[in-house]
Amino acid sequence: MNFKNIVNICYGLFLCFVAFASTTISEGEEMNPLTLDDLLKFNTFVGRVPIDITSDGNWIAYNTQNREQYEGGGGDSWYSKTGVMIKMAYATVWVTNTRTGEHHNLTPDWGSSWAPRWSSDGTRLAFFSDRMGKPYLYVWNRESDDMQEFASATVRTSSGFEVPKWTPDGRFVLFKSISAIDTSIKEESVENKPEISLKPSFVEIWDWPKKRFQKREEESIQENEQPKEKKRGRANRDLAIADTKTGKILPLMKGYDIRSFDIAPNGERVAIPVGVGSQGFDLYVLPLPKELHETSSAETEPLVRAIPLGDGITVSWSPDSKYVAWVTVSKGGEFASGKAYVVDVQTGIVRNLTDSLDDYLGNPYRPPLWIEESDALLCVNGYVWKVPLNGDAVQNLTENFGSFANVFYPGEGYTPWTVDGTMILTTYDDGFYRLSLTDNTITLLHKDEHRNVQAGRFRQDIAEETGECVYVVESNQEPPNIWMSDATFESPRQITDINPHLKKIDFGTSELIEWTLEDGRTVKGILVLPPEASEENPAPMIVSVYPGSFRSPYAFNMFAFGENVGGAHPGMFVSRGYALFLPNFPVQKIEPYKQFSDVILPGIDAAIATKKVDAERLGVIGHSFGGYTVNVLITQTTRFKAAVASAAMGNLISGYLNSNSGLGTGWYETGQAGMGGSLWEFPQRYIDGSPVFHLDKVETPLLLIHGDQDFIPFEQAQEMFIGLANLEKEVVLLKYKEADHWPGFWSNEKLADYWERVLNWFDEYLKSEKTN
């Protein structure tokens with residue numbers, strides 16, 4: 001499993017950031033240091049749950065989440081005791097009136113509530129909640145303030161984007177539920193879940209190969225003697241349909257590995273990608289009933305088989321409901337061509353619209369959009385491509401204007417919102433532009449040099465009647481909040497303020513710094529300085545490392561620079577007098593460990609050159625692959641006075657030989673470890689890249705942190721500890737019980753202990769008399 005995948009999961013789950021110095025703080029007002037309690041109360045928008053605005057633009061619905069009541073997933077659990085994804089634990093549903101500024105918490109003290117979606121007329125809101133001990137569907141009536149509960153089917157989702165969806169007439173709601181069918185299939189895998197193999201067992205690993213092969217042969221013969229038919233895509237999920245008029249729920253599709261579903265604009269059909277393992281997804285298109293007694297979950301055949309759709313969430317209906325479109329997307333290293341396809345839902349005829357095009361049009365999270373007349377697709381993958389259905393040439397509409405990140409379109413459809421033949425785009429540098437579909441001209445509407453805009457699929461929506469846009473804005477001084485603008489973007493305005501309690505915390509200042517490597521490449525990094533840092537009073541500095549990361553310049557305007565409560569959170573360090581250095585970290589693919597100090601040490605020198613950093617008081621921290629990097633760095637340099645490595649590898653050889661209980665061999669050979677081959681092909685590389693073989697060079701006190709249920713075996717930390725202890729080096733190992741790979745998943749009690757020990761470690765070696 002690639003470490004980045006784990007970091008990306010945690011990034012989506014726990015964006016528990018804190019604000020930097022707010023511009024609303026009065027001069028001379030007493031500031032407070034950041035506490036863990038502040039972080040636990042911090043509200044963030046739940047990852048991948050879309051914002052939803054009513055068509056008249058009067059109301060928005062959204063999810064917030066904090067960690068105050070969080071109990072921790074424990075081990076490798078992805079669901080709470082009630083059956084809610086840990087990602088959604090203790091989430092709350094809010095609605096805000098964009099005209100009056102009224103804010104309503106619809107689910108106070110309800111437990112976990114998430115995925116709010118308005119009916120087409122904006123009078124009712126569907127969402128999920130475990131208020132009654134299991135997650136069910138609820139519908140709130142905005143005008144009467146009544147709540148309708150659907151408790152005959154248990155909701156089961158695996159990601160935030162799996163929201164309830166209304167039929168256009170506002171009568172029915174579709175959602176995913178647990179199937180009553182016993183399919184004898186294990187719990188479906190969650191996106192980016194660590195692939196931990198439970199077999200072979202300990203005994204099987206140490207069994208003699210002959211016996212093992214005999215056992216496999218016997219199992220193979222037994223299977224041949226008793227063949228079992230395996231249905232494509234069978235799993236323990238139903239696509240349920242709820243009738244808000246009668247309160248009934250029936251399964252529309254029963255016992256399949258349903259990933260997503262989309263209702264046709266005319267409300268007559270629903271498109272359903274069903275996972276079929278390594279083959280990708282089968283696409284089903286089913287009729288929707290007019291009355292629930294017509295609903296049938298009888299077996300049906302897919303309209304299209306084995307489509308590579310990445311995560312399975314990128315199909316889209318044409319406005320006239322005649323076609324379903326998709327672009328093939330790679331996932332897990334498997335190659336997909338990035339071609340655009342449509343299928344006629346009446347005839348089942350599939351057409352490749354870009355067969356002659358060499359460019360890759362795929363995007364794992366953005367489905368193809370449609371021109372309103374249903375005669376062309378718009379594919380967004382950095383550029384905006386117009387793909388006609390009649391066979392005309394494909395056009396790159398933004399070829400001469402650089403990369404664009406997003407196109408604004410209503411959350412319940414796939415047609416971009418247009419004005420006089422133009423549509424609104426955002427760029428990666430957070431400008432808003434208008435693109436003409438007639439002459440391909442692009443006009444800048446609004447640009448903010450100091451704020452970052454989140455306007456992707458799950459962080460934007462448009463009021464179809466008024467053309468008003470909502471999106472999320474943040475900066476390194478402002479936590480994420482929902483903003484709103486009309487189509488001119490002349491006067492964007494903030495709609496929410498979900499973290500007023502952080503305004504009295506001072507987090508200093510930040511700046512971008514640069515340095516040059518020996519090969520001539522220029523590298524950048526973010527230096528965050530505490531308020532008291534100056535040339536007369538240089539601050540101790542902690543370096544947060546993760547090879548392959550590129551935090552600047554894109555993260556410079558992000559809240560807390562993309563760090564979080566379970567990692568090197570700037571607020572926890574800077575408000576206590578530490579400078580924090582977040583360097584970009586380019587490394588080669590083969591034997592990357594050789595470059596670690598060559599990249600980082602010149603960056604440290606560049607930070608010291610500001611004269612606001614104390615060259616004699618340097619610390620380093622890293623998690624996962626970053627923790628391995630810390631272990632390597634302290635064998636390559638003695639400049640650090642203290643180090644913290646969590647969930648870290650220390651011995652590539654024992655890790656490789658124990659890959660069944662941890663990372664697969666691919667991580668070592670072709671993944672982040674970058675050995676370039678097996679242990680027997682390159683034994684010296686594995687030795688050179690393993691810190692345990694070089695511990696005699698270590699002079700830096702090291703704090704090792706590891707969960708006992710981490711997919712990286714605890715023995716990796718244990719080997720580092722035993723080696724350093726035998727060499728009489730300063731080292732401490734913390735083993736957290738019932739704790740998995742990422743501290744962000746841990747209980748608040750464990751997380752508080754983690755932070756206390758990390759801060760005390762750095763205080764002891766960077767602030768105490770030991771430093772001198």
# chains A, B, ... in the order shown; residues from 1 in each chain; ligands from 1

$ closest_atom_pairs --of "range 36-93 of chain A" --to "range 409-426 of chain A" --cutoff "9 Å" --atoms "only C-alpha atoms" --output "tab-separated table"
residue	atom	partner	partner_atom	distance
A:Pro50	CA	A:Gly411	CA	7.8
A:Ile51	CA	A:Gly411	CA	8.2
A:Asp52	CA	A:Gly411	CA	6.9
A:Ile53	CA	A:Gly411	CA	8.4
A:Ser55	CA	A:Pro410	CA	8.9

$ residues_around --residues "Glu728 in chain A" --least-positions-apart "5" --cutoff "10 Å" --atoms "only C-alpha atoms" --output "compact mmCIF listing (two decimals) with C-alpha atoms, in the first residue's frame"
# COMPACT_ATOMS: atom_id res chain seq x y z
CA ASP A 696 26.09 3.55 15.13
CA ILE A 722 16.67 -2.36 20.45
CA GLY A 723 19.49 -1.33 18.14

$ closest_residue --among "A:Leu40, A:Ile495, A:Leu250, A:Val276" --to "Arg234 in chain A" --atoms "only C-alpha atoms"
A:Val276

$ residues_around --residues "Gly348 in chain A" --least-positions-apart "3" --cutoff "8 Å" --atoms "only C-alpha atoms" --output "VMD selection string"
chain A and resid 303 to 304 343 to 345

$ atom_distance --atom1 "CA of Ile590 in chain A" --atom2 "CA of Gly626 in chain A"
16.8 Å

$ atom_distance --atom1 "CA of Tyr136 in chain A" --atom2 "CA of Glu464 in chain A"
29.3 Å
